[in-house]
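Engineer: coords.cif (mmCIF, C-alpha atoms) pasted underneath:
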data_query
loop_
_atom_site.label_atom_id
_atom_site.label_comp_id
_atom_site.auth_asym_id
_atom_site.auth_seq_id
_atom_site.Cartn_x
_atom_site.Cartn_y
_atom_site.Cartn_z
CA MET A 1 88.93 95.78 -8.42
CA ARG A 2 91.21 97.39 -5.85
CA LEU A 3 89.66 99.79 -3.33
CA PRO A 4 91.50 103.02 -2.54
CA ALA A 5 93.34 102.99 0.81
CA ASN A 6 92.20 105.44 3.51
CA ARG A 7 95.31 107.17 4.73
CA PHE A 8 93.46 108.91 7.59
CA ALA A 9 92.17 105.71 9.30
CA PRO A 10 95.11 105.39 11.78
CA LEU A 11 94.76 109.03 12.81
CA LEU A 12 91.02 108.59 13.31
CA ALA A 13 91.59 105.54 15.52
CA LEU A 14 94.07 107.44 17.72
CA ALA A 15 91.60 110.31 18.10
CA LEU A 16 88.86 107.93 19.22
CA LEU A 17 91.16 106.34 21.80
CA GLY A 18 92.15 109.75 23.20
CA ALA A 19 88.52 110.78 23.59
CA ALA A 20 87.72 107.74 25.80
CA PRO A 21 87.07 108.66 29.50
CA PRO A 22 89.72 107.67 32.09
CA PRO A 23 88.95 104.65 34.30
CA ALA A 24 86.91 105.45 37.41
CA VAL A 25 88.76 105.59 40.76
CA ASP A 26 87.48 103.20 43.44
CA ARG A 27 86.87 105.64 46.27
CA PHE A 28 86.26 102.75 48.71
CA GLY A 29 89.65 101.15 48.04
CA PRO A 30 93.13 102.32 49.05
CA ALA A 31 93.10 104.80 46.15
CA GLY A 32 90.24 106.59 47.92
CA ASP A 33 92.76 108.16 50.33
CA TYR A 34 94.64 109.87 47.48
CA PRO A 35 95.40 112.51 46.50
CA VAL A 36 95.77 114.22 49.89
CA THR A 37 94.59 117.84 49.73
CA VAL A 38 96.20 120.52 51.91
CA GLY A 39 94.52 123.52 50.32
CA ASP A 40 94.80 127.29 50.54
CA PRO A 41 94.29 129.46 53.64
CA ILE A 42 90.66 130.13 54.57
CA THR A 43 89.06 132.96 56.55
CA ILE A 44 86.31 132.14 59.10
CA ASP A 45 84.71 134.91 61.18
CA GLY A 46 87.68 137.19 60.47
CA VAL A 47 90.34 134.62 61.47
CA ILE A 48 92.76 133.22 58.86
CA TYR A 49 93.46 129.47 59.07
CA THR A 50 96.42 128.11 57.08
CA PRO A 51 96.24 124.36 56.35
CA VAL A 52 99.43 122.45 57.21
CA ASP A 53 100.28 118.75 56.82
CA THR A 54 101.21 118.24 60.50
CA LEU A 55 101.90 114.56 61.26
CA ASN A 56 102.08 114.89 65.07
CA TYR A 57 99.01 117.14 65.44
CA ASP A 58 97.56 116.98 69.00
CA ALA A 59 95.16 119.65 70.32
CA VAL A 60 92.17 120.13 72.64
CA GLY A 61 89.05 122.11 71.86
CA TYR A 62 85.33 121.72 71.26
CA ALA A 63 83.36 119.59 68.80
CA VAL A 64 80.10 120.57 67.10
CA THR A 65 77.60 118.64 64.99
CA ALA A 66 77.83 118.45 61.19
CA ASP A 67 75.82 116.68 58.50
CA GLY A 68 77.22 113.63 56.79
CA ALA A 69 77.33 109.86 56.79
CA GLY A 70 79.77 107.46 58.44
CA VAL A 71 82.31 108.20 61.15
CA ALA A 72 83.72 111.38 59.60
CA GLY A 73 84.43 115.00 60.39
CA GLY A 74 85.80 118.33 59.22
CA HIS A 75 88.90 120.27 60.31
CA ARG A 76 90.20 123.72 59.38
CA THR A 77 93.93 123.03 58.95
CA LEU A 78 94.52 119.27 58.69
CA PRO A 79 94.77 117.78 55.18
CA TYR A 80 91.96 115.63 53.86
CA PRO A 81 91.53 112.78 53.74
CA SER A 82 93.40 112.12 56.98
CA TYR A 83 92.66 110.21 60.19
CA VAL A 84 92.43 111.38 63.81
CA GLU A 85 91.54 109.88 67.18
CA VAL A 86 88.89 111.97 68.96
CA THR A 87 88.52 111.63 72.75
CA ALA A 88 85.52 112.94 74.71
CA LEU A 89 86.98 114.62 77.81
CA ASP A 90 83.82 114.01 79.86
CA SER A 91 83.74 110.22 79.47
CA GLY A 92 87.20 109.26 78.18
CA LYS A 93 85.76 107.40 75.17
CA THR A 94 87.95 107.48 72.04
CA THR A 95 87.14 106.65 68.42
CA LEU A 96 88.84 106.86 65.02
CA VAL A 97 87.44 109.55 62.66
CA ARG A 98 88.16 110.22 58.97
CA ILE A 99 88.69 113.91 58.09
CA ASP A 100 87.14 114.40 54.64
CA ARG A 101 86.30 118.14 54.49
CA ARG A 102 87.01 121.64 55.74
CA GLY A 103 85.03 122.80 58.76
CA PRO A 104 83.45 123.99 60.92
CA MET A 105 82.87 127.11 58.86
CA THR A 106 81.51 129.23 61.75
CA GLY A 107 82.41 129.75 65.40
CA ASP A 108 85.59 128.77 67.22
CA ALA A 109 85.08 125.00 67.47
CA LEU A 110 88.08 122.74 66.77
CA ILE A 111 86.30 119.99 64.79
CA GLU A 112 82.88 119.04 63.44
CA LEU A 113 81.61 115.46 63.73
CA THR A 114 78.91 113.52 61.92
CA PRO A 115 76.02 112.07 63.97
CA MET A 116 77.52 108.57 63.71
CA ALA A 117 80.85 109.76 65.13
CA ARG A 118 79.12 111.61 67.98
CA ALA A 119 77.04 108.53 68.82
CA GLN A 120 80.18 106.39 69.07
CA LEU A 121 81.63 108.91 71.56
CA GLY A 122 78.38 109.09 73.54
CA LEU A 123 77.87 112.82 72.82
CA ALA A 124 74.39 114.30 72.86
CA GLU A 125 73.11 115.48 69.48
CA GLY A 126 73.61 119.21 68.98
CA SER A 127 75.78 119.65 72.08
CA ARG A 128 79.15 121.40 72.23
CA ALA A 129 81.55 118.87 73.75
CA ALA A 130 85.15 119.18 74.97
CA VAL A 131 87.41 116.84 72.97
CA ARG A 132 91.01 115.96 72.20
CA VAL A 133 92.01 115.57 68.51
CA ARG A 134 95.18 113.60 67.74
CA ARG A 135 96.34 112.69 64.22
CA VAL A 136 97.19 109.00 63.72
CA ASN A 137 98.19 106.63 60.92
CA PRO A 138 95.79 103.65 61.24
CA PRO A 139 96.22 100.32 59.41
CA GLU A 140 94.58 99.73 56.04
CA ASN A 141 91.81 97.49 57.42
CA GLU A 142 90.56 100.35 59.66
CA ARG A 143 90.87 102.87 56.82
CA ALA A 144 88.74 100.58 54.63
CA LEU A 145 86.02 100.41 57.30
CA LEU A 146 85.81 104.20 57.56
CA ARG A 147 85.87 104.66 53.77
CA THR A 148 82.79 102.40 53.51
CA GLY A 149 80.92 104.24 56.32
CA GLN A 150 81.48 101.65 59.06
CA GLU A 151 82.82 101.89 62.60
CA VAL A 152 86.21 100.64 63.76
CA PRO A 153 86.74 98.66 67.01
CA PRO A 154 86.60 100.92 70.07
CA ARG A 155 89.81 102.32 71.51
CA MET A 156 90.90 102.00 75.13
CA ASP A 157 89.29 104.57 77.43
CA THR A 158 91.55 107.43 78.49
CA PRO A 159 92.68 107.21 82.17
CA PRO A 160 91.12 109.78 84.57
CA GLY A 161 94.51 111.34 85.35
CA LEU A 162 95.18 112.15 81.69
CA LEU A 163 91.61 113.46 81.27
CA ALA A 164 92.17 115.87 84.19
CA ALA A 165 95.39 117.15 82.60
CA LEU A 166 93.68 117.65 79.22
CA LYS A 167 90.82 119.54 80.87
CA ARG A 168 93.27 121.86 82.62
CA LYS A 169 94.97 122.46 79.28
CA LEU A 170 91.59 123.49 77.84
CA GLY A 171 90.89 125.71 80.87
CA ILE A 172 88.33 123.46 82.54
CA VAL A 173 88.97 123.40 86.30
CA PRO A 174 87.50 120.30 88.01
CA VAL A 175 85.18 121.06 90.92
CA ALA A 176 86.12 119.22 94.12
CA PRO A 177 83.18 117.41 95.76
CA LEU A 178 81.90 118.90 99.00
CA ALA A 179 82.83 116.93 102.09
CA ALA A 180 79.86 115.56 103.96
CA ALA A 181 79.39 116.93 107.48
CA PRO A 182 80.02 114.31 110.20
CA SER A 183 76.80 113.01 111.64
CA ALA A 184 76.18 113.25 115.36
CA PRO A 185 76.49 109.93 117.25
CA VAL A 186 73.18 108.30 118.07
CA LEU A 187 72.92 107.65 121.80
CA PRO A 188 70.79 104.79 123.12
CA PRO A 189 67.63 105.81 125.01
CA PRO A 190 67.89 105.81 128.82
CA PRO A 191 66.59 102.67 130.51
CA GLN A 192 63.01 102.90 131.76
CA VAL A 193 62.28 101.81 135.31
CA SER A 194 58.79 100.47 135.81
CA THR A 195 57.04 101.35 139.09
CA PRO A 196 54.12 99.43 140.52
CA LYS A 197 50.74 101.06 140.26
CA ASN A 198 49.88 100.59 143.98
CA PRO A 199 53.16 100.98 145.87
CA VAL A 200 53.20 99.67 149.43
CA ALA A 201 54.58 102.14 151.95
CA THR A 202 57.39 100.70 154.03
CA ALA A 203 57.70 101.81 157.63
CA LYS A 204 60.98 103.37 158.57
CA PRO A 205 62.58 102.05 161.78
CA ALA A 206 62.33 104.45 164.70
CA LEU A 207 65.59 105.92 165.82
CA PRO A 208 66.39 105.63 169.57
CA ARG A 209 66.40 108.88 171.44
CA PRO A 210 69.67 109.83 173.09
CA VAL A 211 69.78 109.46 176.86
CA VAL A 212 70.66 112.68 178.67
CA ARG A 213 72.61 112.08 181.89
CA PRO A 214 73.14 114.79 184.55
CA ARG A 215 76.67 116.07 184.85
CA PRO A 216 78.45 115.26 188.10
CA ALA A 217 79.61 118.03 190.33
CA THR A 218 83.21 117.14 189.91
CA THR A 219 85.37 118.56 187.15
CA ALA A 220 86.01 115.14 185.71
CA LYS A 221 85.71 114.76 182.02
CA PRO A 222 82.41 113.42 180.80
CA ALA A 223 82.37 109.79 179.89
CA VAL A 224 82.40 108.98 176.25
CA SER A 225 79.78 106.53 175.08
CA GLU A 226 81.06 103.40 173.39
CA ALA A 227 78.64 104.00 170.56
CA ALA A 228 79.82 107.57 170.05
CA VAL A 229 82.97 106.72 168.13
CA GLN A 230 83.24 103.58 166.09
CA PRO A 231 86.25 102.70 164.01
CA VAL A 232 85.65 102.77 160.31
CA PRO A 233 86.38 99.36 158.86
CA GLN A 234 89.12 99.47 156.24
CA PRO A 235 88.62 97.43 153.08
CA ALA A 236 90.83 94.41 152.81
CA PRO A 237 93.67 94.83 150.31
CA ALA A 238 92.93 93.17 147.05
CA SER A 239 95.01 90.22 146.21
CA THR A 240 97.76 90.99 143.80
CA ALA A 241 97.05 87.77 142.04
CA ALA A 242 93.48 88.88 141.32
CA THR A 243 94.56 92.21 139.82
CA ARG A 244 96.94 90.65 137.39
CA LYS A 245 95.70 90.55 133.83
CA PRO A 246 96.42 87.59 131.65
CA ALA A 247 99.27 88.14 129.28
CA GLN A 248 98.15 89.09 125.80
CA LYS A 249 98.91 86.64 123.10
CA SER A 250 101.38 87.75 120.51
CA SER A 251 99.78 88.49 117.17
CA GLU A 252 100.45 85.92 114.53
CA GLN A 253 102.30 87.09 111.50
CA THR A 254 100.60 86.38 108.23
CA THR A 255 102.51 85.99 105.05
CA VAL A 256 101.02 87.93 102.13
CA LYS A 257 101.82 86.62 98.77
CA SER A 258 102.19 89.09 95.94
CA ALA A 259 100.34 88.48 92.71
CA ARG A 260 101.52 89.82 89.35
CA PHE A 261 99.19 90.78 86.56
CA VAL A 262 99.11 93.02 83.49
CA GLN A 263 96.64 95.90 83.60
CA VAL A 264 95.47 96.14 79.97
CA GLY A 265 93.02 98.99 80.51
CA ALA A 266 89.80 100.26 82.11
CA PHE A 267 86.62 100.63 80.05
CA SER A 268 83.38 102.46 80.64
CA THR A 269 81.19 99.58 79.38
CA ARG A 270 81.40 95.86 79.94
CA ASP A 271 81.00 95.06 76.22
CA ARG A 272 84.11 97.07 75.34
CA ALA A 273 86.03 95.42 78.21
CA GLU A 274 85.00 91.89 77.14
CA ALA A 275 86.02 92.61 73.55
CA ALA A 276 89.48 93.70 74.74
CA ALA A 277 89.74 90.67 77.07
CA ARG A 278 89.00 88.28 74.22
CA GLN A 279 91.65 90.00 72.13
CA VAL A 280 94.46 89.63 74.70
CA GLY A 281 93.25 86.53 76.60
CA GLY A 282 92.53 88.37 79.83
CA SER A 283 89.71 88.60 82.36
CA VAL A 284 87.16 91.34 83.18
CA SER A 285 86.50 92.66 86.70
CA ALA A 286 84.39 95.56 87.96
CA ALA A 287 86.12 98.55 89.57
CA GLY A 288 83.54 101.14 90.58
CA LYS A 289 81.96 102.51 87.41
CA LEU A 290 84.70 101.04 85.20
CA TRP A 291 85.49 97.54 83.94
CA ARG A 292 89.13 96.49 84.16
CA VAL A 293 90.85 94.01 81.85
CA ARG A 294 93.75 92.10 83.39
CA ILE A 295 96.05 89.23 82.42
CA ALA A 296 97.21 87.05 85.31
CA ALA A 297 100.91 86.14 85.43
CA SER A 298 102.62 83.63 87.75
CA SER A 299 106.13 84.98 87.27
CA THR A 300 108.03 88.00 86.02
CA THR A 301 108.71 86.26 82.72
CA ASP A 302 105.00 85.54 82.20
CA ALA A 303 104.14 89.15 83.09
CA GLN A 304 106.59 90.54 80.52
CA ALA A 305 105.22 88.18 77.85
CA ALA A 306 101.63 89.21 78.63
CA LEU A 307 102.62 92.89 78.54
CA ALA A 308 104.21 92.46 75.11
CA LYS A 309 101.06 90.69 73.88
CA ALA A 310 98.83 93.55 75.08
CA LYS A 311 101.02 96.18 73.42
CA ARG A 312 101.05 94.24 70.14
CA ALA A 313 97.24 94.25 70.29
CA GLY A 314 97.29 98.07 70.33
CA TYR A 315 97.00 98.77 74.07
CA ALA A 316 100.03 101.01 74.48
CA ASP A 317 99.08 102.04 78.06
CA ALA A 318 99.20 98.46 79.42
CA ARG A 319 101.52 97.94 82.40
CA VAL A 320 102.61 95.29 84.92
CA LEU A 321 101.23 95.67 88.45
CA ILE A 322 101.86 93.74 91.67
CA ASP A 323 98.84 93.23 93.95
CA ARG A 324 99.96 92.77 97.58
#
Before anything else, please render the file you have as structure tokens.
Structural biologist:
Amino acid sequence: MRLPANRFAPLLALALLGAAPPPAVDRFGPAGDYPVTVGDPITIDGVIYTPVDTLNYDAVGYAVTADGAGVAGGHRTLPYPSYVEVTALDSGKTTLVRIDRRGPMTGDALIELTPMARAQLGLAEGSRAAVRVRRVNPPENERALLRTGQEVPPRMDTPPGLLAALKRKLGIVPVAPLAAAPSAPVLPPPPQVSTPKNPVATAKPALPRPVVRPRPATTAKPAVSEAAVQPVPQPAPASTAATRKPAQKSSEQTTVKSARFVQVGAFSTRDRAEAAARQVGGSVSAAGKLWRVRIAASSTTDAQAALAKAKRAGYADARVLIDR
């Protein structure tokens, strides 16, 4: 017996396939950075902000605290997701932050940061901190770390000269330290002369009385006593040989050798400096409150090779110095 054919079976199968849900997007993989949303203009406290996909964005302002996990933040005009380097102008510390939202939605702050991002910059919780925000295009391995809520390796600390220029751009005038008043010189105490408790009186020699002679009747001049006028002895001239000073020896000239090295950077903590030194094969030395990373070079060729190695490692501010 032959069963009747169902002419609607192919149509039913196509309908079932069309009703199946699309495959889920892995938000932790590279697809998690797409699509990039620019968005429509927003109004915050009466001010209109128009989002723009600016690749070379670089601005200074203030950062406030926002809720959220990972090293992330919110911005009013940059597209999301996007990536920025945030620098704390008080300490010079810099970290990579993923912009994944619009914000802050009140006030005039430039950016809002999650607690994890603020901790990496050393900012106090709930404080309003002066920062620099610069858009960057990090490699995929750093993007993957931020997408999964992890931190990226620390950036090189910003030099003090650039921090001062950024503060002036924001309107922060550095206060010059007060010069300490010069201290008065300390004089030694006068020497003390000890006197005996029972001093013995010394008898002074008696002076002879002058002899008065009667004047003669004649008009002759009175005789002058031999003791009346005595010539004053003149000191003997000092020998010219004794007054001569020995000739001073000529100072020896010392030859100072110049040493070349590559200044990779200066870091606020020793751990960050040692991590950078291991990366470029350099050494760590203390310089005040900072830790410097240097690569020694015996010649100009070695210095240029070490400089190229530091720049390939991501330290764009590295330079060759000569220590004399």
Engineer: Name the residues, using the chain letters and numbers of the file, that sit within 10 Å of (83.5, 96.3, 84.6) when counting only C-alpha atoms, and give them as a list in words.
Structural biologist: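 Checking each residue against the 10 Å limit leaves Ala266, Phe267, Ser268, Thr269, Arg270, Asp271, Arg272, Ala273, Glu274, Val284, Ser285, Ala286, Ala287, Gly288, Lys289, Leu290, Trp291, Arg292 and Val293 of chain A.
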Engineer: The PyMOL selection byres ((chain A and resi 39) around 10) on the file shown: which residues, as an mmCIF file with C-alpha atoms, in the frame of the given file?
Structural biologist:
data_model
loop_
_atom_site.group_PDB
_atom_site.id
_atom_site.type_symbol
_atom_site.label_atom_id
_atom_site.label_comp_id
_atom_site.auth_asym_id
_atom_site.auth_seq_id
_atom_site.Cartn_x
_atom_site.Cartn_y
_atom_site.Cartn_z
ATOM 1 C CA VAL A 36 95.770 114.220 49.890
ATOM 2 C CA THR A 37 94.590 117.840 49.730
ATOM 3 C CA VAL A 38 96.200 120.520 51.910
ATOM 4 C CA ASP A 40 94.800 127.290 50.540
ATOM 5 C CA PRO A 41 94.290 129.460 53.640
ATOM 6 C CA ILE A 42 90.660 130.130 54.570
ATOM 7 C CA THR A 50 96.420 128.110 57.080
ATOM 8 C CA PRO A 51 96.240 124.360 56.350
ATOM 9 C CA VAL A 52 99.430 122.450 57.210
ATOM 10 C CA ASP A 53 100.280 118.750 56.820
ATOM 11 C CA THR A 77 93.930 123.030 58.950
ATOM 12 C CA LEU A 78 94.520 119.270 58.690
ATOM 13 C CA PRO A 79 94.770 117.780 55.180
ATOM 14 C CA TYR A 80 91.960 115.630 53.860
ATOM 15 C CA ARG A 102 87.010 121.640 55.740
#
Engineer: For Gly282 (chain A), which residue out of A:Gln263, A:Val64, A:Asp317, A:Ser299 is the nearest one, using all atoms listed in the file?
Structural biologist: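 The closest residue to Gly282 (chain A) is A:Gln263.
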Engineer: List the neighbours of Asp58 (chain A) out to 9 Å using only C-alpha atoms; skip same-chain residues closer than 6 positions along the sequence, and give me the result as a list in words.
Structural biologist: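 The contact residues come out as Arg132, Val133, Arg134 and Arg135 of chain A.
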Engineer: Write out, as a PDB file, keeping the file's coordinate frame, the residues just selected, with C-alpha atoms.
Structural biologist:
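This went into out-v4.pdb:
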ATOM      1  CA  ARG A 132      91.010 115.960  72.200  1.00  0.00           C
ATOM      2  CA  VAL A 133      92.010 115.570  68.510  1.00  0.00           C
ATOM      3  CA  ARG A 134      95.180 113.600  67.740  1.00  0.00           C
ATOM      4  CA  ARG A 135      96.340 112.690  64.220  1.00  0.00           C
TER       5      ARG A 135
END
Engineer: For CA of Arg155 (chain A) and CA of Leu96 (chain A), determine how far apart the two atoms are, in Å to one decimal place.
Structural biologist: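 Interatomic distance, CA of Arg155 (chain A) to CA of Leu96 (chain A): 8.0 Å.
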Engineer: Which one is closest to Arg143 (chain A): A:Phe28, A:Tyr57, A:Tyr49, A:Tyr62? Count all atoms listed in the file.
Structural biologist: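 That would be A:Phe28, the residue with the smallest distance to Arg143 (chain A).
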Engineer: Using CA of Arg168 (chain A) and CA of Arg101 (chain A) as the two end points, give the distance in Å to one decimal.
Structural biologist: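 Interatomic distance, CA of Arg168 (chain A) to CA of Arg101 (chain A): 29.2 Å.
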Engineer: Please identify all polymer residues within 12 Å of Gly68 (chain A), counting all atoms listed in the file, omitting same-chain residues fewer than 5 positions from it, and present them as JSON, numbers by chain.
Structural biologist: {"A": [73, 74, 98, 99, 100, 101, 112, 113, 114, 115, 116, 117, 118, 149]}
Engineer: Please evaluate the PyMOL selection byres ((chain A and resi 166) around 12) against the displayed coordinates and give the resulting residues as a ChimeraX atom specification.
Structural biologist: /A:58-61,87-90,92,130-133,158-165,167-174
Engineer: How many Å lie between CA of Ala63 (chain A) and CA of Pro139 (chain A), rounded to one decimal?
Structural biologist: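 Between CA of Ala63 (chain A) and CA of Pro139 (chain A) the gap is 25.0 Å.
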Engineer: Which residue is closest to Thr94 (chain A)? Choose from A:Val262, A:Ile295, A:Leu55, A:Ala119 and count all atoms listed in the file.
Structural biologist: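 Nearest to Thr94 (chain A): A:Ala119.
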Engineer: So that I can see what lies close to Arg319 (chain A), please list as an NGL selection string the residues with an atom at most 9 Å from it, counting only C-alpha atoms and leaving out residues fewer than 6 positions away in the same chain.
Structural biologist: :A and (261-265 or 307 or 310)
Engineer: From the list A:Asn137, A:Gln150, A:Thr54, A:Ser298, which residue is nearest Tyr83 (chain A) when using only C-alpha atoms?
Structural biologist: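 Smallest separation from Tyr83 (chain A) among the options: A:Asn137.
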Engineer: Translate the PyMOL selection byres ((chain A and resi 260) around 6) into a concrete residue list for this structure, as a VMD selection string.
Structural biologist: chain A and resid 259 261 297 321 to 322
Engineer: Could you tell me which of A:Ala66, A:Val280, A:Ile44, A:Ala129 comes closest to Arg312 (chain A) if we count all atoms listed in the file?
Structural biologist: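 Of A:Ala66, A:Val280, A:Ile44, A:Ala129, the one nearest Arg312 (chain A), counting all atoms listed in the file, is A:Val280.
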